[in-house]
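Raw contents of protein02.txt, compact mmCIF, C-alpha atoms:
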# COMPACT_ATOMS: atom_id res chain seq x y z
CA MET A 1 -51.24 -13.02 61.60
CA LYS A 2 -49.73 -9.54 62.02
CA SER A 3 -46.23 -10.93 62.54
CA LEU A 4 -46.62 -13.12 59.47
CA PHE A 5 -47.58 -10.06 57.45
CA LYS A 6 -44.54 -8.18 58.80
CA LEU A 7 -42.31 -11.11 57.91
CA LEU A 8 -43.69 -11.26 54.38
CA LEU A 9 -43.32 -7.51 53.96
CA THR A 10 -39.74 -7.53 55.21
CA SER A 11 -38.84 -10.47 52.97
CA THR A 12 -40.37 -8.73 49.95
CA VAL A 13 -38.48 -5.50 50.69
CA ILE A 14 -35.22 -7.41 51.12
CA LEU A 15 -35.85 -9.32 47.90
CA LEU A 16 -36.63 -6.15 45.93
CA VAL A 17 -33.60 -4.32 47.31
CA SER A 18 -31.28 -7.24 46.51
CA LEU A 19 -32.72 -7.52 43.01
CA ARG A 20 -32.18 -3.79 42.48
CA VAL A 21 -28.61 -3.97 43.79
CA ALA A 22 -27.87 -6.96 41.57
CA SER A 23 -29.21 -5.19 38.50
CA ILE A 24 -27.00 -2.12 39.02
CA PRO A 25 -23.78 -2.68 37.07
CA ALA A 26 -20.45 -2.16 38.76
CA PRO A 27 -19.27 1.42 38.20
CA ASP A 28 -16.28 0.34 36.11
CA ALA A 29 -18.01 -2.49 34.24
CA VAL A 30 -17.78 -2.19 30.49
CA SER A 31 -19.67 -4.21 27.92
CA ILE A 32 -18.10 -5.88 24.90
CA ASP A 33 -20.21 -3.77 22.56
CA GLU A 34 -18.95 -0.60 24.24
CA VAL A 35 -15.36 -1.73 23.75
CA ARG A 36 -16.04 -2.57 20.11
CA ALA A 37 -17.50 0.90 19.62
CA LYS A 38 -14.43 2.41 21.28
CA LEU A 39 -12.15 0.35 19.02
CA ALA A 40 -14.02 1.60 15.97
CA GLU A 41 -13.77 5.19 17.21
CA SER A 42 -10.06 4.74 17.91
CA PHE A 43 -9.48 3.28 14.46
CA LYS A 44 -11.21 6.28 12.88
CA SER A 45 -8.96 8.65 14.79
CA VAL A 46 -5.86 6.63 13.79
CA SER A 47 -6.97 6.69 10.17
CA GLU A 48 -7.46 10.45 10.36
CA ALA A 49 -4.01 10.88 11.94
CA GLU A 50 -2.52 8.83 9.09
CA ARG A 51 -4.30 10.99 6.51
CA MET A 52 -2.71 14.02 8.18
CA GLY A 53 0.69 12.40 7.61
CA GLY A 54 1.32 11.18 11.15
CA ASN A 55 3.29 8.07 12.03
CA VAL A 56 0.65 5.72 13.42
CA SER A 57 2.67 2.49 13.75
CA SER A 58 2.70 2.53 17.56
CA LEU A 59 -1.02 3.39 17.68
CA VAL A 60 -1.79 0.47 15.35
CA SER A 61 0.20 -1.87 17.62
CA GLU A 62 -1.75 -0.55 20.61
CA LEU A 63 -5.05 -1.09 18.79
CA ASN A 64 -4.09 -4.65 17.89
CA ALA A 65 -3.15 -5.28 21.51
CA ALA A 66 -6.58 -3.97 22.56
CA ILE A 67 -8.28 -6.23 20.00
CA ALA A 68 -6.31 -9.25 21.26
CA LEU A 69 -7.26 -8.45 24.86
CA LEU A 70 -10.92 -8.12 23.89
CA GLU A 71 -10.83 -11.47 22.07
CA LYS A 72 -9.27 -13.15 25.10
CA GLY A 73 -11.63 -11.42 27.50
CA GLU A 74 -14.64 -12.34 25.37
CA SER A 75 -13.69 -16.01 25.10
CA SER A 76 -12.78 -16.39 28.77
CA GLY A 77 -15.36 -13.98 30.16
CA ASN A 78 -12.57 -12.15 31.98
CA GLU A 79 -13.82 -8.65 32.88
CA THR A 80 -10.30 -7.40 33.66
CA LEU A 81 -9.11 -8.12 30.14
CA ILE A 82 -12.14 -6.41 28.61
CA ARG A 83 -11.54 -3.36 30.84
CA GLU A 84 -7.86 -3.34 29.84
CA ALA A 85 -8.88 -3.48 26.16
CA SER A 86 -11.20 -0.53 26.74
CA MET A 87 -8.44 1.47 28.43
CA ARG A 88 -6.03 0.80 25.58
CA ALA A 89 -8.61 1.88 23.01
CA GLU A 90 -9.17 5.09 25.00
CA HIS A 91 -5.41 5.65 25.12
CA VAL A 92 -5.22 5.34 21.33
CA LEU A 93 -8.15 7.74 21.00
CA ALA A 94 -6.31 10.26 23.18
CA GLU A 95 -2.95 9.90 21.41
CA ALA A 96 -4.12 9.93 17.79
CA PRO A 97 -4.72 13.71 17.45
CA GLU A 98 -1.16 14.37 18.63
CA ALA A 99 0.20 11.98 15.99
CA GLY A 100 -1.93 13.81 13.42
CA SER A 101 -0.57 17.23 14.45
CA GLU A 102 2.98 15.89 14.25
CA GLY A 103 2.14 14.63 10.76
CA VAL A 104 0.92 18.07 9.69
CA ALA A 105 4.08 19.70 11.08
CA GLY A 106 6.21 17.07 9.32
CA ALA A 107 4.36 17.62 6.04
CA GLN A 108 4.97 21.39 6.27
CA LEU A 109 8.65 20.75 6.97
CA ARG A 110 8.83 18.47 3.92
CA ILE A 111 7.22 21.16 1.77
CA TYR A 112 9.85 23.68 2.95
CA GLN A 113 12.61 21.12 2.29
CA ASN A 114 11.29 20.44 -1.22
CA VAL A 115 11.03 24.16 -1.98
CA ALA A 116 14.59 24.67 -0.70
CA ILE A 117 15.90 21.76 -2.82
CA LEU A 118 14.10 22.92 -5.97
CA SER A 119 15.25 26.53 -5.43
CA SER A 120 18.85 25.37 -4.94
CA LEU A 121 18.62 23.28 -8.12
CA ALA A 122 17.23 26.26 -10.06
CA VAL A 123 20.00 28.56 -8.77
CA LEU A 124 22.61 25.89 -9.59
CA ALA A 125 21.22 25.46 -13.10
CA PHE A 126 21.29 29.23 -13.64
CA VAL A 127 24.90 29.48 -12.42
CA VAL A 128 25.93 26.59 -14.68
CA TRP A 129 24.08 28.19 -17.60
CA ILE A 130 25.84 31.51 -17.13
CA PHE A 131 29.31 30.44 -16.00
CA GLY A 132 29.46 26.85 -17.29
CA PRO A 133 30.70 27.54 -20.84
CA ARG A 134 33.31 30.04 -19.64
CA LEU A 135 34.56 27.58 -17.00
CA PHE A 136 34.54 24.71 -19.48
CA TRP A 137 36.54 26.54 -22.12
CA SER A 138 39.03 27.94 -19.62
CA LEU A 139 39.62 24.41 -18.30
CA TRP A 140 39.83 23.10 -21.85
CA THR A 141 42.40 25.68 -22.94
CA ARG A 142 44.37 25.08 -19.74
CA SER A 143 44.44 21.35 -20.38
CA LYS A 144 45.61 21.88 -23.99
CA ARG A 145 48.14 24.64 -23.35
CA ASP A 146 51.10 22.37 -24.11
CA TRP A 147 49.77 21.44 -27.49
CA ARG A 148 51.65 22.69 -30.49
CA VAL A 149 50.14 23.37 -33.83
CA LYS A 150 51.96 21.58 -36.61
CA SER A 151 51.67 22.38 -40.23
CA CYS A 152 50.54 19.45 -42.36
CA MET B 1 32.00 24.44 -32.68
CA LEU B 2 33.56 21.25 -31.37
CA ILE B 3 30.20 19.54 -30.64
CA ASP B 4 27.63 19.39 -33.35
CA GLU B 5 24.50 21.34 -32.45
CA GLU B 6 22.20 18.45 -33.33
CA VAL B 7 24.15 16.10 -31.05
CA LEU B 8 23.95 18.70 -28.31
CA ALA B 9 20.18 18.99 -28.78
CA VAL B 10 19.75 15.21 -28.56
CA VAL B 11 21.90 15.02 -25.40
CA LEU B 12 19.94 17.86 -23.82
CA ALA B 13 16.63 16.19 -24.73
CA ILE B 14 17.76 12.91 -23.13
CA ILE B 15 18.86 14.77 -19.99
CA LEU B 16 15.54 16.64 -19.87
CA VAL B 17 13.42 13.49 -20.29
CA SER B 18 15.47 11.61 -17.66
CA GLY B 19 15.16 14.56 -15.29
CA VAL B 20 11.39 14.78 -15.68
CA PHE B 21 11.07 11.00 -15.21
CA THR B 22 13.23 11.05 -12.06
CA VAL B 23 11.35 13.98 -10.52
CA SER B 24 7.96 12.43 -11.34
CA GLN B 25 9.04 9.11 -9.79
CA ALA B 26 10.10 10.95 -6.64
CA PHE B 27 6.66 12.56 -6.37
CA LEU B 28 4.61 9.50 -7.37
CA SER B 29 6.56 6.80 -5.53
CA GLY B 30 4.16 6.73 -2.55
CA ARG B 31 0.95 6.62 -4.61
CA VAL B 32 -1.05 3.40 -4.81
CA THR B 33 -2.52 3.01 -8.25
CA GLU B 34 -4.28 -0.30 -7.71
CA PRO B 35 -5.31 -0.82 -4.08
CA PHE B 36 -6.04 -4.37 -2.96
CA SER B 37 -6.19 -6.62 0.08
CA GLU B 38 -5.02 -10.20 0.50
CA LEU B 39 -6.61 -13.11 2.31
CA ALA B 40 -5.12 -16.58 2.46
CA ILE B 41 -5.29 -19.71 4.52
CA LEU B 42 -2.13 -21.65 5.25
CA GLY B 43 -1.82 -25.19 6.52
CA PRO B 44 -0.64 -26.15 10.00
CA GLU B 45 3.00 -25.88 8.88
CA MET B 46 2.44 -22.31 7.63
CA LYS B 47 2.59 -23.48 4.02
CA MET B 48 0.05 -23.59 1.23
CA ALA B 49 -0.14 -27.34 1.72
CA ASP B 50 -1.21 -30.03 4.18
CA TYR B 51 -4.67 -28.58 4.64
CA PRO B 52 -6.92 -30.79 6.75
CA LYS B 53 -9.44 -32.77 4.68
CA ASN B 54 -10.93 -35.06 7.30
CA VAL B 55 -11.53 -33.79 10.79
CA THR B 56 -13.17 -35.25 13.84
CA VAL B 57 -16.09 -33.46 15.43
CA GLY B 58 -15.02 -31.65 18.56
CA ASN B 59 -11.37 -32.19 17.74
CA PRO B 60 -9.71 -28.83 17.08
CA PHE B 61 -7.32 -28.38 14.17
CA ASP B 62 -4.74 -25.69 13.41
CA LEU B 63 -4.42 -23.35 10.46
CA TYR B 64 -2.80 -20.02 9.73
CA LEU B 65 -4.66 -16.96 8.59
CA TYR B 66 -2.85 -14.47 6.34
CA VAL B 67 -4.17 -10.97 5.68
CA GLY B 68 -2.25 -8.34 3.68
CA ASN B 69 -3.02 -4.68 3.18
CA HIS B 70 -2.07 -2.85 -0.04
CA GLU B 71 -4.93 -0.35 0.07
CA GLY B 72 -2.67 2.66 0.50
CA ARG B 73 -3.99 3.38 4.01
CA VAL B 74 -4.39 1.76 7.40
CA MET B 75 -7.21 -0.81 7.41
CA TYR B 76 -9.30 -2.46 10.12
CA TYR B 77 -10.12 -5.97 8.93
CA ALA B 78 -12.33 -8.70 10.30
CA VAL B 79 -12.12 -12.27 9.05
CA LEU B 80 -15.35 -14.17 9.54
CA ILE B 81 -15.12 -17.93 9.42
CA LYS B 82 -18.38 -19.57 8.47
CA LEU B 83 -19.42 -23.17 8.19
CA GLY B 84 -21.37 -23.93 5.04
CA ASP B 85 -21.92 -26.77 2.65
CA ARG B 86 -22.37 -27.39 -1.08
CA SER B 87 -25.52 -25.30 -1.21
CA THR B 88 -23.96 -22.23 0.42
CA GLN B 89 -23.79 -19.36 -2.03
CA ILE B 90 -20.91 -16.88 -1.94
CA ASN B 91 -19.36 -14.54 -4.48
CA ASP B 92 -17.43 -11.28 -4.65
CA THR B 93 -20.46 -9.15 -3.83
CA GLU B 94 -22.52 -11.30 -1.47
CA PRO B 95 -21.10 -12.94 1.66
CA ALA B 96 -22.18 -16.44 2.61
CA ASP B 97 -25.41 -16.87 4.50
CA ALA B 98 -23.99 -19.37 6.97
CA PRO B 99 -23.31 -19.44 10.71
CA VAL B 100 -20.15 -17.71 11.92
CA ILE B 101 -17.96 -20.07 13.92
CA ALA B 102 -15.06 -17.68 14.55
CA ARG B 103 -14.07 -14.07 14.04
CA TYR B 104 -10.63 -12.47 14.01
CA GLU B 105 -9.84 -8.77 13.77
CA PHE B 106 -6.68 -6.94 12.76
CA VAL B 107 -5.59 -3.37 12.16
CA ILE B 108 -2.91 -3.40 9.46
CA LEU B 109 -0.77 -0.58 8.10
CA HIS B 110 -0.38 -0.08 4.35
CA ASP B 111 2.01 -2.67 2.89
CA GLY B 112 1.75 -4.66 6.10
CA ASN B 113 0.48 -8.16 6.69
CA VAL B 114 -0.44 -10.49 9.51
CA THR B 115 0.00 -14.25 9.68
CA ARG B 116 -1.88 -15.57 12.66
CA PRO B 117 -2.26 -19.10 14.00
CA ILE B 118 -5.87 -20.10 14.53
CA THR B 119 -7.50 -23.14 16.02
CA LEU B 120 -10.89 -24.18 14.74
CA GLY B 121 -13.32 -26.92 15.57
CA ILE B 122 -16.43 -28.33 13.94
CA ASN B 123 -19.30 -29.37 16.16
CA GLU B 124 -21.46 -31.36 13.77
CA PRO B 125 -20.56 -34.19 11.40
CA GLY B 126 -21.08 -33.99 7.65
CA LEU B 127 -19.48 -34.63 4.29
CA ASN B 128 -18.33 -31.85 1.99
CA ARG B 129 -18.56 -29.14 4.59
CA ARG B 130 -17.20 -25.78 3.49
CA LEU B 131 -15.16 -23.71 5.86
CA ILE B 132 -15.56 -20.25 4.37
CA PHE B 133 -13.18 -17.42 5.24
CA GLU B 134 -14.50 -13.95 4.43
CA LEU B 135 -12.60 -10.69 4.62
CA TRP B 136 -14.56 -7.72 5.93
CA ALA B 137 -13.22 -4.19 6.34
CA PHE B 138 -14.38 -1.41 8.62
CA ASP B 139 -16.05 1.35 6.65
CA GLU B 140 -15.58 4.73 8.29
CA GLY B 141 -18.57 6.24 6.51
CA SER B 142 -21.16 3.75 7.71
CA GLU B 143 -19.17 2.92 10.87
CA ARG B 144 -19.55 -0.81 10.39
CA PHE B 145 -17.73 -3.72 8.82
CA MET B 146 -18.52 -4.30 5.16
CA TYR B 147 -17.81 -7.39 3.07
CA HIS B 148 -14.54 -6.71 1.23
CA SER B 149 -15.09 -9.11 -1.69
CA ARG B 150 -12.31 -11.46 -0.66
CA TRP B 151 -12.99 -15.00 0.41
CA CYS B 152 -11.50 -18.46 0.34
CA GLN B 153 -12.63 -21.89 1.47
CA LEU B 154 -11.61 -25.30 2.69
CA TRP B 155 -13.62 -28.43 1.91
CA LEU B 156 -13.81 -30.78 4.84
CA ASN B 157 -15.37 -34.05 5.88
CA ALA B 158 -16.29 -33.95 9.53
CA THR B 159 -16.82 -37.29 11.19
CA SER B 160 -17.91 -37.98 14.72
CA ILE B 161 -15.85 -40.21 16.97
CA GLU B 162 -18.27 -43.14 16.38
CA GLY B 163 -17.57 -42.73 12.66
CA SER B 164 -20.98 -41.45 11.66
Kindly return the structure encoded in the file as C-alpha cells.
Amino acid sequence: MKSLFKLLLTSTVILLVSLRVASIPAPDAVSIDEVRAKLAESFKSVSEAERMGGNVSSLVSELNAAIALLEKGESSGNETLIREASMRAEHVLAEAPEAGSEGVAGAQLRIYQNVAILSSLAVLAFVVWIFGPRLFWSLWTRSKRDWRVKSC
Amino acid sequence: MLIDEEVLAVVLAIILVSGVFTVSQAFLSGRVTEPFSELAILGPEMKMADYPKNVTVGNPFDLYLYVGNHEGRVMYYAVLIKLGDRSTQINDTEPADAPVIARYEFVILHDGNVTRPITLGINEPGLNRRLIFELWAFDEGSERFMYHSRWCQLWLNATSIEGS
C-alpha cells in the first residue's frame, strides 16, 4: 500500500514537472502577435524618419522582407522564419532614427544651399542692375563703331 | 530711347511673372495636393481581363493584386480578401461583414506600387459569390489598421467537383 502511494506520488510529481516544463516557452520563442506589434512599431519609426526627410527606401525594403517572412512563417508554422521576421523588424527599428537624423542634416544642408543660391541670384541681379546698362551700351557702341552717318 | 518704355515694362512684367511661376514650381513640386491610394485586381495574365468566373471548390486560382500609394508619405497597407455573396453590404465607409479568407500586407513608399501574384481558393460551393478585396491602412494614431475606403470585387460561381 505504501509503495503504491509512493509510486502515485512520484508519478504525479513527474507529471506536474513535465507539464510545467512544457508550458514554459523557449527563451527565444516569439509569437506572431509580438512580431506584428514590432512591425507596426518599426513602420512608425520609418514614417517618422521619412517626415524628418530621411531616405527610407532600404528600411521599407527590409520591412517588406520581414512581412514576407512573417507570412511564410505563419502559413507554414515555421518558427525560424517568424524569428527572422522579428529580427528584421528590430533591425529596422534600430536603423530608422539614424535615417531620420541624416534627413535632418540633409534638410539643413538644402536650406543652406537654397539661401546661397538665392543670395547669389540677388547679388547677380544687383550687379546687372548697376552695371548692365553701361555694359550694354558700351558693347552696342563698339558693335556700331564702323557705322557712318549719312545725310538724307 | 531705342526701346519704348511701355514695351520694356511689358517685357519686364513677363519676365517677373515667369520668374515667380518657376520659383513657386520649384518649391511646390514635391507637394501632394490630392492624396489617394489605388487598389486593383488583375487577371492571371497580369491584365485587366480573363478574370475567373467559374471556379472549382478546393481548386486554387491565380490573380494579381495591385496597390499604389500616392498619399505623399510612406504607407503600411493591408489587403483583406473576404468571401461574401449578394447580401453582403460594403461601401466607402463600412467594410464588408464577411469572413476573411486571405490577408496581404505591404509597406509602400510615396509614388510606389506593388503588383503581387496571389493564389486563392474557395472552400464552399455557391452561385454569385463575391470575392471582396478591401484596402486597409495602418493608422499611427490608433496603432491599428483602418478601412481605407477602397475596395473591389469579383463575382464567382464556385462549384464542387461533383457539380453541385
If I take CA of Ala105 (chain A) and CA of Met75 (chain B), how far is one from the other in Å, to one decimal?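 According to the coordinates, CA of Ala105 (chain A) and CA of Met75 (chain B) are separated by 23.7 Å.
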Test item: chain B residues at most 7 Å from chain A, counting only C-alpha atoms, as number ranges by chain: B: 74, 105-107, 140
What does the distance between CA of Ser45 (chain A) and CA of Ala102 (chain B) come to in Å, to one decimal place?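 About the pair CA of Ser45 (chain A) and CA of Ala102 (chain B): they are 27.0 Å apart.
Across the model, the gap from CA of Glu134 (chain B) to CA of Cys152 (chain B) is 6.8 Å.
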Do you know which residues are at most 7 Å from region 42-45 of chain B counting only C-alpha atoms, after dropping those on the same chain fewer than 6 positions away, and could you put them as a ChimeraX atom specification? /B:51,62-65
Extract, using all atoms listed in the file, all DNA, RNA and protein residues at most 9 Å from Pro35 (chain B), discarding same-chain residues fewer than 4 positions from it, and format them as an MDAnalysis selection string. chainID B and resid 69:72
Exercise: Tyr77 (chain B) partners within 10 Å, all atoms listed in the file, chain neighbours under 6 positions left out, as a JSON list (two decimals) with C-alpha atoms, in the coordinates of the input:
[["chain", "number", "residue", "atom", "x", "y", "z"],
["B", 37, "SER", "CA", -6.19, -6.62, 0.08],
["B", 67, "VAL", "CA", -4.17, -10.97, 5.68],
["B", 68, "GLY", "CA", -2.25, -8.34, 3.68],
["B", 69, "ASN", "CA", -3.02, -4.68, 3.18],
["B", 104, "TYR", "CA", -10.63, -12.47, 14.01],
["B", 105, "GLU", "CA", -9.84, -8.77, 13.77],
["B", 106, "PHE", "CA", -6.68, -6.94, 12.76],
["B", 107, "VAL", "CA", -5.59, -3.37, 12.16],
["B", 108, "ILE", "CA", -2.91, -3.40, 9.46],
["B", 135, "LEU", "CA", -12.60, -10.69, 4.62],
["B", 136, "TRP", "CA", -14.56, -7.72, 5.93],
["B", 137, "ALA", "CA", -13.22, -4.19, 6.34],
["B", 138, "PHE", "CA", -14.38, -1.41, 8.62],
["B", 139, "ASP", "CA", -16.05, 1.35, 6.65],
["B", 145, "PHE", "CA", -17.73, -3.72, 8.82],
["B", 146, "MET", "CA", -18.52, -4.30, 5.16],
["B", 147, "TYR", "CA", -17.81, -7.39, 3.07],
["B", 148, "HIS", "CA", -14.54, -6.71, 1.23]]
Protein and nucleic acid residues near (-13.5, -16.9, 4.9) (cut-off 6 Å, only C-alpha atoms) as a CSV table (one decimal) with C-alpha atoms, in the coordinates of the input:
chain,number,residue,atom,x,y,z
B,80,LEU,CA,-15.4,-14.2,9.5
B,81,ILE,CA,-15.1,-17.9,9.4
B,132,ILE,CA,-15.6,-20.2,4.4
B,133,PHE,CA,-13.2,-17.4,5.2
B,134,GLU,CA,-14.5,-14.0,4.4
B,151,TRP,CA,-13.0,-15.0,0.4
B,152,CYS,CA,-11.5,-18.5,0.3
